[in-house]
Amino acid sequence: MKMKKQVFAEYGAPLTEISGEPPKPQGSEVLVRVGHCGVCHSDLHLHEGHFDLGGGRKLELAGGRPLPFALGHEIEGEIEAAGQDAKDVKIGRRIVVYPWIGCGECALCKRGDEHLCLKPRQIGIQVDGGYATHVMVPHPRYLLDYDPIPAALAGTYMCSGVTAYSSIEKLGPAAEESPILIIGLGGVGMMGFSFLRARSKFAPVVVDIDPKKREHALANGAAAAFDPNDPATRKGLMAASNGGFAGAVDFVGSDKTATLGYGALAKGGKLVVVGLIGGEMHLSVPTLPLKGVSIIGNYVGSLAEAKAMLDLVRKGKVAPIPVSTRPLSEAQQALDDLKAGKTVGRAVLVP
Ligand SMILES: [Zn+2]
Ligand SMILES: [Zn+2]
């Protein structure tokens with residue numbers, strides 16, 4: 001079978017198909033035949049080559065990857081071939097790929113935080129990803145069983161799922177001791193909401209600008225829901241939390257939402273910032289020591305967290321997100337639709 005990829009040759013240029021022979025796995029490498037690959041919002045930024053940091057500043061994302069490049073880090077597939085040093089690999093096994101792979105040598109990698117490695121080899125970010133019929137994975141430890149999660153949905157957990165799970169984990173014991181504030185009920189936010197519901201007997205309090213999303217959260221067990229643009233929200237949040245939250249998770253990541261979350265913390269509270277909308281946050285420095293609060297950033301999640309998260313999902317503890325499949329050849333259209341806000345649920349490419 002020929003290998004096909006949807007690639008961009010220049011940042012921002014339309015994706016085009018290229019084909020050739022699939023590479024042969026060497027050493028511990030495993031060649032995966034892609035069954036499904038989710039189209040993620042961060043693919044839009046990678047394709048454009050930059051990220052808005054706020055205040056007119058941009059984070060360059062161009063560089064560090066060979067062009068032409070295939071995006072795609074939410075990969076489900078089947079093991080097609082393995083190198084001679086890849087142990088315990090069953091050809092034909094269906095798996096999802098943990099994509100947040102590091103160098104394997106540095107202190108971060110050695111302590112299990114390879115998703116934060118400074119020499120990353122992340123699939124679909126620095127090395128060719130799943131907008132393709134095949135993808136190469138450097139070691140079988142990154143291949144995780146997902147049965148009985150539906151195949152079209154499974155890959156998306158390696159991005160939004162592990163991100164949501166890791167964000168809730170960062171709250172520590174506070175996640176189980178009192179209500180938590182969830183800001184932003186998009187795909188990742190709703191998943192975080194589900195993980196929190198699975199873990200804590202306290203119903204979360206939610207904030208979202210969209211009344212439909214607030215209603216959906218209330219119907220699924222939120223204790224209260226607020227519109228961030230309503231002037232009464234700050235007071236409402238204080239009342240709903242008895243004077244402040246022990247934890248808040250900002251799945252939007254804008255100056256407004258981070259400020260709202262920070263302002264809603266109780267003494268000793270934690271704000272976890274996950275979203276990447278952009279902006280700059282201004283805060284009074286003495287409130288950090290005086291309130292004893294912390295601000296924690298969360299970027300995806302570790303391999304151990306990915307496994308723990310999949311275990312929860314496989315037990316049926318997390319509500320599935322809607323997915324819609326489309327052929328790999330429509331990758332550019334899928335990106336365009338996502339940018340235009342026309343995608344309902346997750347778009348998933350099928351080679
Ligand atoms: Zn993603
Ligand atoms: Zn490393």
# chains A, B, ... in the order shown; residues from 1 in each chain; ligands from 1
>>> residues_around(residues="stretch 263-280 of chain A", least_positions_apart="2", cutoff="8 Å", atoms="only C-alpha atoms", output="VMD selection string")
chain A and resid 52 to 55 163 167 170 to 171 234 237 to 238 243 to 255 258 to 261 282 291 to 299
>>> residues_around(residues="stretch 338-351 of chain A", least_positions_apart="5", cutoff="7 Å", atoms="only C-alpha atoms", output="ChimeraX atom specification")
/A:34-39,132-133,152,321-328,331
>>> closest_atom_pairs(of="chain A", to="ligand 1", cutoff="7 Å", atoms="only C-alpha atoms and all ligand atoms", output="tab-separated table")
residue	atom	partner	partner_atom_place_in_ligand_line	distance
A:Cys40	CA	ligand 1	1 (Zn)	4.3
A:His41	CA	ligand 1	1 (Zn)	6.4
A:Ser42	CA	ligand 1	1 (Zn)	5.7
A:His73	CA	ligand 1	1 (Zn)	6.3
A:Glu74	CA	ligand 1	1 (Zn)	6.5
A:Cys159	CA	ligand 1	1 (Zn)	4.5
A:Ser160	CA	ligand 1	1 (Zn)	6.2
>>> residues_near_ligand(ligand="ligand 2", cutoff="10 Å", atoms="only C-alpha atoms and all ligand atoms", output="NGL selection string")
:A and (101-121)
>>> residues_around(residues="A:Gly184", least_positions_apart="2", cutoff="10 Å", atoms="only C-alpha atoms", output="PyMOL selection string")
chain A and resi 181-182+186-190+192-193+206-210+213-214+228+249-253+257+275
>>> select_by_dssp(residues="stretch 139-321 of chain A", states="strand (DSSP E or B)", output="PDB file with all heavy atoms, in the first residue's frame")
ATOM      1  N   LEU A 143       2.082   3.538  22.277  1.00  0.00           N
ATOM      2  CA  LEU A 143       0.872   2.984  21.664  1.00  0.00           C
ATOM      3  C   LEU A 143      -0.028   2.439  22.770  1.00  0.00           C
ATOM      4  O   LEU A 143       0.370   1.554  23.524  1.00  0.00           O
ATOM      5  CB  LEU A 143       1.246   1.874  20.682  1.00  0.00           C
ATOM      6  CG  LEU A 143       2.290   2.287  19.634  1.00  0.00           C
ATOM      7  CD1 LEU A 143       2.661   1.092  18.758  1.00  0.00           C
ATOM      8  CD2 LEU A 143       1.781   3.438  18.775  1.00  0.00           C
ATOM      9  N   LEU A 144      -1.233   2.979  22.885  1.00  0.00           N
ATOM     10  CA  LEU A 144      -2.120   2.649  24.013  1.00  0.00           C
ATOM     11  C   LEU A 144      -3.406   2.007  23.511  1.00  0.00           C
ATOM     12  O   LEU A 144      -4.005   2.461  22.530  1.00  0.00           O
ATOM     13  CB  LEU A 144      -2.457   3.930  24.801  1.00  0.00           C
ATOM     14  CG  LEU A 144      -1.273   4.825  25.203  1.00  0.00           C
ATOM     15  CD1 LEU A 144      -1.776   6.061  25.948  1.00  0.00           C
ATOM     16  CD2 LEU A 144      -0.272   4.069  26.075  1.00  0.00           C
ATOM     17  N   LEU A 181     -14.295  25.895  40.015  1.00  0.00           N
ATOM     18  CA  LEU A 181     -14.794  26.777  38.962  1.00  0.00           C
ATOM     19  C   LEU A 181     -14.207  26.360  37.617  1.00  0.00           C
ATOM     20  O   LEU A 181     -12.985  26.251  37.484  1.00  0.00           O
ATOM     21  CB  LEU A 181     -14.403  28.230  39.274  1.00  0.00           C
ATOM     22  CG  LEU A 181     -14.780  29.279  38.222  1.00  0.00           C
ATOM     23  CD1 LEU A 181     -16.290  29.372  38.045  1.00  0.00           C
ATOM     24  CD2 LEU A 181     -14.193  30.641  38.597  1.00  0.00           C
ATOM     25  N   ILE A 182     -15.081  26.108  36.643  1.00  0.00           N
ATOM     26  CA  ILE A 182     -14.646  25.752  35.287  1.00  0.00           C
ATOM     27  C   ILE A 182     -15.021  26.909  34.363  1.00  0.00           C
ATOM     28  O   ILE A 182     -16.193  27.264  34.245  1.00  0.00           O
ATOM     29  CB  ILE A 182     -15.366  24.476  34.791  1.00  0.00           C
ATOM     30  CG1 ILE A 182     -15.085  23.290  35.704  1.00  0.00           C
ATOM     31  CG2 ILE A 182     -15.040  24.190  33.330  1.00  0.00           C
ATOM     32  CD1 ILE A 182     -13.921  22.451  35.321  1.00  0.00           C
ATOM     33  N   ILE A 183     -14.013  27.493  33.707  1.00  0.00           N
ATOM     34  CA  ILE A 183     -14.269  28.607  32.790  1.00  0.00           C
ATOM     35  C   ILE A 183     -14.067  28.124  31.351  1.00  0.00           C
ATOM     36  O   ILE A 183     -12.979  27.676  30.994  1.00  0.00           O
ATOM     37  CB  ILE A 183     -13.315  29.785  33.082  1.00  0.00           C
ATOM     38  CG1 ILE A 183     -13.446  30.227  34.545  1.00  0.00           C
ATOM     39  CG2 ILE A 183     -13.604  30.950  32.140  1.00  0.00           C
ATOM     40  CD1 ILE A 183     -12.396  31.230  34.989  1.00  0.00           C
ATOM     41  N   VAL A 205     -18.946  24.689  39.387  1.00  0.00           N
ATOM     42  CA  VAL A 205     -19.594  25.940  38.980  1.00  0.00           C
ATOM     43  C   VAL A 205     -18.961  26.325  37.642  1.00  0.00           C
ATOM     44  O   VAL A 205     -17.746  26.192  37.473  1.00  0.00           O
ATOM     45  CB  VAL A 205     -19.357  27.034  40.041  1.00  0.00           C
ATOM     46  CG1 VAL A 205     -19.895  28.376  39.573  1.00  0.00           C
ATOM     47  CG2 VAL A 205     -19.999  26.627  41.364  1.00  0.00           C
ATOM     48  N   VAL A 206     -19.784  26.746  36.669  1.00  0.00           N
ATOM     49  CA  VAL A 206     -19.243  26.988  35.330  1.00  0.00           C
ATOM     50  C   VAL A 206     -19.478  28.429  34.877  1.00  0.00           C
ATOM     51  O   VAL A 206     -20.407  29.097  35.322  1.00  0.00           O
ATOM     52  CB  VAL A 206     -19.842  26.014  34.286  1.00  0.00           C
ATOM     53  CG1 VAL A 206     -19.535  24.578  34.654  1.00  0.00           C
ATOM     54  CG2 VAL A 206     -21.350  26.221  34.145  1.00  0.00           C
ATOM     55  N   VAL A 207     -18.580  28.870  33.975  1.00  0.00           N
ATOM     56  CA  VAL A 207     -18.697  30.184  33.342  1.00  0.00           C
ATOM     57  C   VAL A 207     -18.527  29.990  31.841  1.00  0.00           C
ATOM     58  O   VAL A 207     -17.570  29.341  31.401  1.00  0.00           O
ATOM     59  CB  VAL A 207     -17.602  31.141  33.875  1.00  0.00           C
ATOM     60  CG1 VAL A 207     -17.517  32.391  32.997  1.00  0.00           C
ATOM     61  CG2 VAL A 207     -17.872  31.550  35.315  1.00  0.00           C
ATOM     62  N   ALA A 224     -24.028  25.722  39.365  1.00  0.00           N
ATOM     63  CA  ALA A 224     -24.485  27.041  38.940  1.00  0.00           C
ATOM     64  C   ALA A 224     -23.730  27.400  37.672  1.00  0.00           C
ATOM     65  O   ALA A 224     -22.642  26.874  37.422  1.00  0.00           O
ATOM     66  CB  ALA A 224     -24.201  28.080  40.038  1.00  0.00           C
ATOM     67  N   ALA A 225     -24.312  28.285  36.864  1.00  0.00           N
ATOM     68  CA  ALA A 225     -23.673  28.692  35.607  1.00  0.00           C
ATOM     69  C   ALA A 225     -23.786  30.195  35.450  1.00  0.00           C
ATOM     70  O   ALA A 225     -24.844  30.768  35.714  1.00  0.00           O
ATOM     71  CB  ALA A 225     -24.326  27.966  34.433  1.00  0.00           C
ATOM     72  N   PHE A 226     -22.694  30.828  35.018  1.00  0.00           N
ATOM     73  CA  PHE A 226     -22.645  32.288  34.930  1.00  0.00           C
ATOM     74  C   PHE A 226     -22.159  32.752  33.565  1.00  0.00           C
ATOM     75  O   PHE A 226     -21.336  32.089  32.926  1.00  0.00           O
ATOM     76  CB  PHE A 226     -21.709  32.849  36.008  1.00  0.00           C
ATOM     77  CG  PHE A 226     -22.185  32.621  37.412  1.00  0.00           C
ATOM     78  CD1 PHE A 226     -21.764  31.499  38.125  1.00  0.00           C
ATOM     79  CD2 PHE A 226     -23.073  33.505  38.009  1.00  0.00           C
ATOM     80  CE1 PHE A 226     -22.213  31.269  39.421  1.00  0.00           C
ATOM     81  CE2 PHE A 226     -23.519  33.285  39.301  1.00  0.00           C
ATOM     82  CZ  PHE A 226     -23.092  32.172  40.012  1.00  0.00           C
ATOM     83  N   PHE A 245     -13.088  30.220  45.524  1.00  0.00           N
ATOM     84  CA  PHE A 245     -12.889  28.819  45.123  1.00  0.00           C
ATOM     85  C   PHE A 245     -11.495  28.322  45.520  1.00  0.00           C
ATOM     86  O   PHE A 245     -10.515  29.061  45.413  1.00  0.00           O
ATOM     87  CB  PHE A 245     -13.026  28.679  43.607  1.00  0.00           C
ATOM     88  CG  PHE A 245     -14.428  28.895  43.111  1.00  0.00           C
ATOM     89  CD1 PHE A 245     -14.868  30.163  42.742  1.00  0.00           C
ATOM     90  CD2 PHE A 245     -15.312  27.821  43.008  1.00  0.00           C
ATOM     91  CE1 PHE A 245     -16.157  30.357  42.278  1.00  0.00           C
ATOM     92  CE2 PHE A 245     -16.602  28.019  42.545  1.00  0.00           C
ATOM     93  CZ  PHE A 245     -17.036  29.282  42.181  1.00  0.00           C
ATOM     94  N   ALA A 246     -11.435  27.064  45.910  1.00  0.00           N
ATOM     95  CA  ALA A 246     -10.125  26.442  46.163  1.00  0.00           C
ATOM     96  C   ALA A 246      -9.410  26.140  44.856  1.00  0.00           C
ATOM     97  O   ALA A 246      -8.189  25.988  44.825  1.00  0.00           O
ATOM     98  CB  ALA A 246     -10.320  25.157  46.966  1.00  0.00           C
ATOM     99  N   GLY A 247     -10.168  26.074  43.771  1.00  0.00           N
ATOM    100  CA  GLY A 247      -9.552  25.810  42.472  1.00  0.00           C
ATOM    101  C   GLY A 247     -10.402  26.338  41.340  1.00  0.00           C
ATOM    102  O   GLY A 247     -11.630  26.313  41.403  1.00  0.00           O
ATOM    103  N   ALA A 248      -9.720  26.873  40.315  1.00  0.00           N
ATOM    104  CA  ALA A 248     -10.402  27.326  39.105  1.00  0.00           C
ATOM    105  C   ALA A 248      -9.580  26.871  37.913  1.00  0.00           C
ATOM    106  O   ALA A 248      -8.341  26.874  37.970  1.00  0.00           O
ATOM    107  CB  ALA A 248     -10.534  28.856  39.106  1.00  0.00           C
ATOM    108  N   VAL A 249     -10.254  26.430  36.863  1.00  0.00           N
ATOM    109  CA  VAL A 249      -9.544  26.001  35.662  1.00  0.00           C
ATOM    110  C   VAL A 249     -10.043  26.838  34.490  1.00  0.00           C
ATOM    111  O   VAL A 249     -11.238  26.847  34.187  1.00  0.00           O
ATOM    112  CB  VAL A 249      -9.759  24.494  35.380  1.00  0.00           C
ATOM    113  CG1 VAL A 249      -8.854  24.048  34.238  1.00  0.00           C
ATOM    114  CG2 VAL A 249      -9.485  23.664  36.625  1.00  0.00           C
ATOM    115  N   ASP A 250      -9.102  27.542  33.850  1.00  0.00           N
ATOM    116  CA  ASP A 250      -9.438  28.425  32.739  1.00  0.00           C
ATOM    117  C   ASP A 250      -9.149  27.711  31.421  1.00  0.00           C
ATOM    118  O   ASP A 250      -7.998  27.627  30.992  1.00  0.00           O
ATOM    119  CB  ASP A 250      -8.632  29.719  32.858  1.00  0.00           C
ATOM    120  CG  ASP A 250      -8.893  30.670  31.701  1.00  0.00           C
ATOM    121  OD1 ASP A 250      -9.811  30.395  30.901  1.00  0.00           O
ATOM    122  OD2 ASP A 250      -8.174  31.678  31.608  1.00  0.00           O
ATOM    123  N   SER A 254      -7.721  33.604  28.097  1.00  0.00           N
ATOM    124  CA  SER A 254      -7.606  35.001  27.643  1.00  0.00           C
ATOM    125  C   SER A 254      -7.313  35.865  28.867  1.00  0.00           C
ATOM    126  O   SER A 254      -7.422  35.409  30.007  1.00  0.00           O
ATOM    127  CB  SER A 254      -8.908  35.460  26.975  1.00  0.00           C
ATOM    128  OG  SER A 254      -9.911  35.683  27.943  1.00  0.00           O
ATOM    129  N   LEU A 265     -10.513  33.205  43.340  1.00  0.00           N
ATOM    130  CA  LEU A 265      -9.870  32.235  44.226  1.00  0.00           C
ATOM    131  C   LEU A 265     -10.026  32.602  45.700  1.00  0.00           C
ATOM    132  O   LEU A 265      -9.971  33.775  46.072  1.00  0.00           O
ATOM    133  CB  LEU A 265      -8.367  32.133  43.915  1.00  0.00           C
ATOM    134  CG  LEU A 265      -7.959  31.556  42.559  1.00  0.00           C
ATOM    135  CD1 LEU A 265      -6.433  31.559  42.446  1.00  0.00           C
ATOM    136  CD2 LEU A 265      -8.509  30.143  42.364  1.00  0.00           C
ATOM    137  N   ALA A 266     -10.169  31.589  46.523  1.00  0.00           N
ATOM    138  CA  ALA A 266     -10.082  31.746  47.973  1.00  0.00           C
ATOM    139  C   ALA A 266      -8.611  31.769  48.372  1.00  0.00           C
ATOM    140  O   ALA A 266      -7.735  31.501  47.550  1.00  0.00           O
ATOM    141  CB  ALA A 266     -10.793  30.586  48.653  1.00  0.00           C
ATOM    142  N   LYS A 267      -8.319  32.056  49.619  1.00  0.00           N
ATOM    143  CA  LYS A 267      -6.942  31.956  50.118  1.00  0.00           C
ATOM    144  C   LYS A 267      -6.425  30.539  49.871  1.00  0.00           C
ATOM    145  O   LYS A 267      -7.138  29.562  50.110  1.00  0.00           O
ATOM    146  CB  LYS A 267      -6.895  32.267  51.609  1.00  0.00           C
ATOM    147  CG  LYS A 267      -6.749  33.745  51.892  1.00  0.00           C
ATOM    148  CD  LYS A 267      -6.291  33.976  53.337  1.00  0.00           C
ATOM    149  CE  LYS A 267      -5.727  35.378  53.489  1.00  0.00           C
ATOM    150  NZ  LYS A 267      -5.139  35.575  54.820  1.00  0.00           N
ATOM    151  N   GLY A 268      -5.183  30.460  49.393  1.00  0.00           N
ATOM    152  CA  GLY A 268      -4.590  29.154  49.129  1.00  0.00           C
ATOM    153  C   GLY A 268      -5.079  28.498  47.854  1.00  0.00           C
ATOM    154  O   GLY A 268      -4.725  27.357  47.568  1.00  0.00           O
ATOM    155  N   GLY A 269      -5.888  29.225  47.077  1.00  0.00           N
ATOM    156  CA  GLY A 269      -6.484  28.639  45.877  1.00  0.00           C
ATOM    157  C   GLY A 269      -5.510  28.487  44.723  1.00  0.00           C
ATOM    158  O   GLY A 269      -4.432  29.091  44.706  1.00  0.00           O
ATOM    159  N   LYS A 270      -5.902  27.653  43.755  1.00  0.00           N
ATOM    160  CA  LYS A 270      -5.060  27.414  42.574  1.00  0.00           C
ATOM    161  C   LYS A 270      -5.832  27.755  41.314  1.00  0.00           C
ATOM    162  O   LYS A 270      -6.967  27.293  41.154  1.00  0.00           O
ATOM    163  CB  LYS A 270      -4.683  25.931  42.488  1.00  0.00           C
ATOM    164  CG  LYS A 270      -3.701  25.470  43.523  1.00  0.00           C
ATOM    165  CD  LYS A 270      -3.426  23.998  43.323  1.00  0.00           C
ATOM    166  CE  LYS A 270      -2.457  23.491  44.369  1.00  0.00           C
ATOM    167  NZ  LYS A 270      -2.263  22.044  44.277  1.00  0.00           N
ATOM    168  N   LEU A 271      -5.191  28.527  40.443  1.00  0.00           N
ATOM    169  CA  LEU A 271      -5.747  28.775  39.110  1.00  0.00           C
ATOM    170  C   LEU A 271      -4.914  27.993  38.104  1.00  0.00           C
ATOM    171  O   LEU A 271      -3.700  28.178  38.017  1.00  0.00           O
ATOM    172  CB  LEU A 271      -5.694  30.273  38.772  1.00  0.00           C
ATOM    173  CG  LEU A 271      -6.022  30.628  37.311  1.00  0.00           C
ATOM    174  CD1 LEU A 271      -7.474  30.306  36.970  1.00  0.00           C
ATOM    175  CD2 LEU A 271      -5.724  32.102  37.017  1.00  0.00           C
ATOM    176  N   VAL A 272      -5.567  27.105  37.363  1.00  0.00           N
ATOM    177  CA  VAL A 272      -4.890  26.355  36.306  1.00  0.00           C
ATOM    178  C   VAL A 272      -5.307  26.962  34.968  1.00  0.00           C
ATOM    179  O   VAL A 272      -6.500  27.041  34.670  1.00  0.00           O
ATOM    180  CB  VAL A 272      -5.255  24.856  36.355  1.00  0.00           C
ATOM    181  CG1 VAL A 272      -4.512  24.092  35.264  1.00  0.00           C
ATOM    182  CG2 VAL A 272      -4.944  24.267  37.731  1.00  0.00           C
ATOM    183  N   VAL A 273      -4.327  27.428  34.199  1.00  0.00           N
ATOM    184  CA  VAL A 273      -4.622  28.020  32.892  1.00  0.00           C
ATOM    185  C   VAL A 273      -4.269  27.014  31.798  1.00  0.00           C
ATOM    186  O   VAL A 273      -3.142  26.515  31.738  1.00  0.00           O
ATOM    187  CB  VAL A 273      -3.847  29.344  32.682  1.00  0.00           C
ATOM    188  CG1 VAL A 273      -4.188  29.942  31.317  1.00  0.00           C
ATOM    189  CG2 VAL A 273      -4.186  30.341  33.790  1.00  0.00           C
ATOM    190  N   GLY A 278      -5.035  33.774  24.261  1.00  0.00           N
ATOM    191  CA  GLY A 278      -4.010  34.823  24.204  1.00  0.00           C
ATOM    192  C   GLY A 278      -4.397  36.065  24.978  1.00  0.00           C
ATOM    193  O   GLY A 278      -5.548  36.263  25.347  1.00  0.00           O
ATOM    194  N   SER A 294      -1.785  30.231  43.855  1.00  0.00           N
ATOM    195  CA  SER A 294      -0.842  29.887  42.794  1.00  0.00           C
ATOM    196  C   SER A 294      -1.520  29.876  41.436  1.00  0.00           C
ATOM    197  O   SER A 294      -2.707  29.596  41.322  1.00  0.00           O
ATOM    198  CB  SER A 294      -0.145  28.550  43.067  1.00  0.00           C
ATOM    199  OG  SER A 294      -0.958  27.681  43.782  1.00  0.00           O
ATOM    200  N   ILE A 295      -0.709  30.199  40.428  1.00  0.00           N
ATOM    201  CA  ILE A 295      -1.161  30.142  39.030  1.00  0.00           C
ATOM    202  C   ILE A 295      -0.310  29.080  38.342  1.00  0.00           C
ATOM    203  O   ILE A 295       0.917  29.131  38.398  1.00  0.00           O
ATOM    204  CB  ILE A 295      -0.958  31.501  38.329  1.00  0.00           C
ATOM    205  CG1 ILE A 295      -1.699  32.605  39.091  1.00  0.00           C
ATOM    206  CG2 ILE A 295      -1.445  31.439  36.886  1.00  0.00           C
ATOM    207  CD1 ILE A 295      -1.487  34.000  38.516  1.00  0.00           C
ATOM    208  N   ILE A 296      -0.979  28.120  37.750  1.00  0.00           N
ATOM    209  CA  ILE A 296      -0.280  26.976  37.168  1.00  0.00           C
ATOM    210  C   ILE A 296      -0.690  26.860  35.696  1.00  0.00           C
ATOM    211  O   ILE A 296      -1.879  26.895  35.379  1.00  0.00           O
ATOM    212  CB  ILE A 296      -0.680  25.680  37.896  1.00  0.00           C
ATOM    213  CG1 ILE A 296      -0.434  25.801  39.400  1.00  0.00           C
ATOM    214  CG2 ILE A 296       0.061  24.471  37.321  1.00  0.00           C
ATOM    215  CD1 ILE A 296      -1.140  24.740  40.215  1.00  0.00           C
ATOM    216  N   GLY A 297       0.297  26.726  34.832  1.00  0.00           N
ATOM    217  CA  GLY A 297      -0.016  26.488  33.427  1.00  0.00           C
ATOM    218  C   GLY A 297      -0.096  25.001  33.160  1.00  0.00           C
ATOM    219  O   GLY A 297       0.618  24.210  33.785  1.00  0.00           O
TER     220      GLY A 297
END
>>> select_by_dssp(residues="stretch 102-144 of chain A", states="alpha helix (DSSP H)", output="count of residues only")
4
>>> closest_residue(among="A:Pro286, A:Pro320, A:Pro173, A:Gly12", to="A:Pro68", atoms="only C-alpha atoms")
A:Gly12
>>> closest_residue(among="A:Ile91, A:Val97, A:Val7, A:Met309", to="A:Ser329", atoms="only C-alpha atoms")
A:Val7
>>> residues_around(residues="A:Gln84", least_positions_apart="5", cutoff="12 Å", atoms="only C-alpha atoms", output="MDAnalysis selection string")
chainID A and resid 24:30 89 139:140
>>> write_last_selection(atoms="N, CA and C atoms", output="PDB file, in the first residue's frame")
ATOM      1  N   LYS A  24      10.328   2.199   6.276  1.00  0.00           N
ATOM      2  CA  LYS A  24      10.486   0.936   7.013  1.00  0.00           C
ATOM      3  C   LYS A  24      10.909   1.262   8.451  1.00  0.00           C
ATOM      4  N   PRO A  25      10.208   0.700   9.442  1.00  0.00           N
ATOM      5  CA  PRO A  25      10.596   0.987  10.832  1.00  0.00           C
ATOM      6  C   PRO A  25      11.975   0.411  11.154  1.00  0.00           C
ATOM      7  N   GLN A  26      12.796   1.227  11.847  1.00  0.00           N
ATOM      8  CA  GLN A  26      14.144   0.815  12.262  1.00  0.00           C
ATOM      9  C   GLN A  26      14.174   0.730  13.789  1.00  0.00           C
ATOM     10  N   GLY A  27      15.048  -0.100  14.325  1.00  0.00           N
ATOM     11  CA  GLY A  27      15.235  -0.155  15.783  1.00  0.00           C
ATOM     12  C   GLY A  27      13.922  -0.403  16.505  1.00  0.00           C
ATOM     13  N   SER A  28      13.578   0.526  17.425  1.00  0.00           N
ATOM     14  CA  SER A  28      12.359   0.349  18.225  1.00  0.00           C
ATOM     15  C   SER A  28      11.133   0.977  17.552  1.00  0.00           C
ATOM     16  N   GLU A  29      11.282   1.498  16.350  1.00  0.00           N
ATOM     17  CA  GLU A  29      10.176   2.199  15.687  1.00  0.00           C
ATOM     18  C   GLU A  29       9.029   1.260  15.327  1.00  0.00           C
ATOM     19  N   VAL A  30       7.829   1.863  15.295  1.00  0.00           N
ATOM     20  CA  VAL A  30       6.640   1.118  14.900  1.00  0.00           C
ATOM     21  C   VAL A  30       5.915   1.941  13.835  1.00  0.00           C
ATOM     22  N   VAL A  89       5.172  -6.328  20.276  1.00  0.00           N
ATOM     23  CA  VAL A  89       4.311  -5.597  19.340  1.00  0.00           C
ATOM     24  C   VAL A  89       3.514  -6.607  18.532  1.00  0.00           C
ATOM     25  N   HIS A 139       8.677   4.406  19.476  1.00  0.00           N
ATOM     26  CA  HIS A 139       8.771   3.293  20.428  1.00  0.00           C
ATOM     27  C   HIS A 139       7.361   2.783  20.732  1.00  0.00           C
ATOM     28  N   PRO A 140       7.208   1.454  20.944  1.00  0.00           N
ATOM     29  CA  PRO A 140       5.849   0.935  21.205  1.00  0.00           C
ATOM     30  C   PRO A 140       5.231   1.429  22.508  1.00  0.00           C
TER      31      PRO A 140
END
>>> closest_residue(among="A:Lys307, A:Arg199, A:Lys317, A:Arg65", to="A:Met158", atoms="only C-alpha atoms")
A:Lys307
>>> residues_around(residues="A:Asp311", least_positions_apart="4", cutoff="12 Å", atoms="only C-alpha atoms", output="list of chain:residue names")
A:Leu144, A:Asp145, A:Tyr146, A:Asp147, A:Pro148, A:Ile149, A:Tyr157, A:Gly161, A:Val162, A:Tyr165, A:Phe195, A:Ala304, A:Glu305, A:Ala306, A:Lys307, A:Lys315, A:Gly316, A:Lys317, A:Val318
>>> atom_distance(atom1="atom CA of A:Leu335", atom2="atom CA of A:Glu48")
11.0 Å
>>> closest_residue(among="A:Pro23, A:Leu196, A:His47, A:Glu60", to="A:Val137", atoms="only C-alpha atoms")
A:Pro23
>>> residues_around(residues="A:Ala203", least_positions_apart="4", cutoff="9 Å", atoms="only C-alpha atoms", output="JSON, numbers by chain")
{"A": [178, 179, 180, 196, 197, 221, 222, 223, 224]}
>>> write_last_selection(atoms="N, CA, C and O atoms", output="PDB file, in the first residue's frame")
ATOM      1  N   SER A 178     -14.084  20.659  47.564  1.00  0.00           N
ATOM      2  CA  SER A 178     -15.056  21.761  47.455  1.00  0.00           C
ATOM      3  C   SER A 178     -15.379  21.981  45.977  1.00  0.00           C
ATOM      4  O   SER A 178     -14.700  21.431  45.109  1.00  0.00           O
ATOM      5  N   PRO A 179     -16.404  22.799  45.676  1.00  0.00           N
ATOM      6  CA  PRO A 179     -16.733  23.043  44.260  1.00  0.00           C
ATOM      7  C   PRO A 179     -15.570  23.723  43.539  1.00  0.00           C
ATOM      8  O   PRO A 179     -14.859  24.545  44.123  1.00  0.00           O
ATOM      9  N   ILE A 180     -15.392  23.379  42.287  1.00  0.00           N
ATOM     10  CA  ILE A 180     -14.329  23.957  41.447  1.00  0.00           C
ATOM     11  C   ILE A 180     -14.987  24.820  40.380  1.00  0.00           C
ATOM     12  O   ILE A 180     -16.090  24.515  39.910  1.00  0.00           O
ATOM     13  N   LEU A 196     -13.971  15.958  36.339  1.00  0.00           N
ATOM     14  CA  LEU A 196     -14.225  16.479  37.684  1.00  0.00           C
ATOM     15  C   LEU A 196     -15.457  15.798  38.300  1.00  0.00           C
ATOM     16  O   LEU A 196     -15.452  15.427  39.476  1.00  0.00           O
ATOM     17  N   ARG A 197     -16.509  15.641  37.496  1.00  0.00           N
ATOM     18  CA  ARG A 197     -17.721  14.972  37.969  1.00  0.00           C
ATOM     19  C   ARG A 197     -17.414  13.532  38.382  1.00  0.00           C
ATOM     20  O   ARG A 197     -17.982  13.027  39.353  1.00  0.00           O
ATOM     21  N   GLY A 221     -25.304  18.500  35.533  1.00  0.00           N
ATOM     22  CA  GLY A 221     -24.894  18.453  36.926  1.00  0.00           C
ATOM     23  C   GLY A 221     -24.094  19.626  37.450  1.00  0.00           C
ATOM     24  O   GLY A 221     -23.547  19.549  38.558  1.00  0.00           O
ATOM     25  N   ALA A 222     -23.977  20.726  36.689  1.00  0.00           N
ATOM     26  CA  ALA A 222     -23.291  21.905  37.237  1.00  0.00           C
ATOM     27  C   ALA A 222     -24.126  22.492  38.376  1.00  0.00           C
ATOM     28  O   ALA A 222     -25.356  22.480  38.326  1.00  0.00           O
ATOM     29  N   ALA A 223     -23.435  23.013  39.405  1.00  0.00           N
ATOM     30  CA  ALA A 223     -24.156  23.594  40.549  1.00  0.00           C
ATOM     31  C   ALA A 223     -24.740  24.955  40.191  1.00  0.00           C
ATOM     32  O   ALA A 223     -25.820  25.318  40.665  1.00  0.00           O
ATOM     33  N   ALA A 224     -24.028  25.722  39.365  1.00  0.00           N
ATOM     34  CA  ALA A 224     -24.485  27.041  38.940  1.00  0.00           C
ATOM     35  C   ALA A 224     -23.730  27.400  37.672  1.00  0.00           C
ATOM     36  O   ALA A 224     -22.642  26.874  37.422  1.00  0.00           O
TER      37      ALA A 224
END
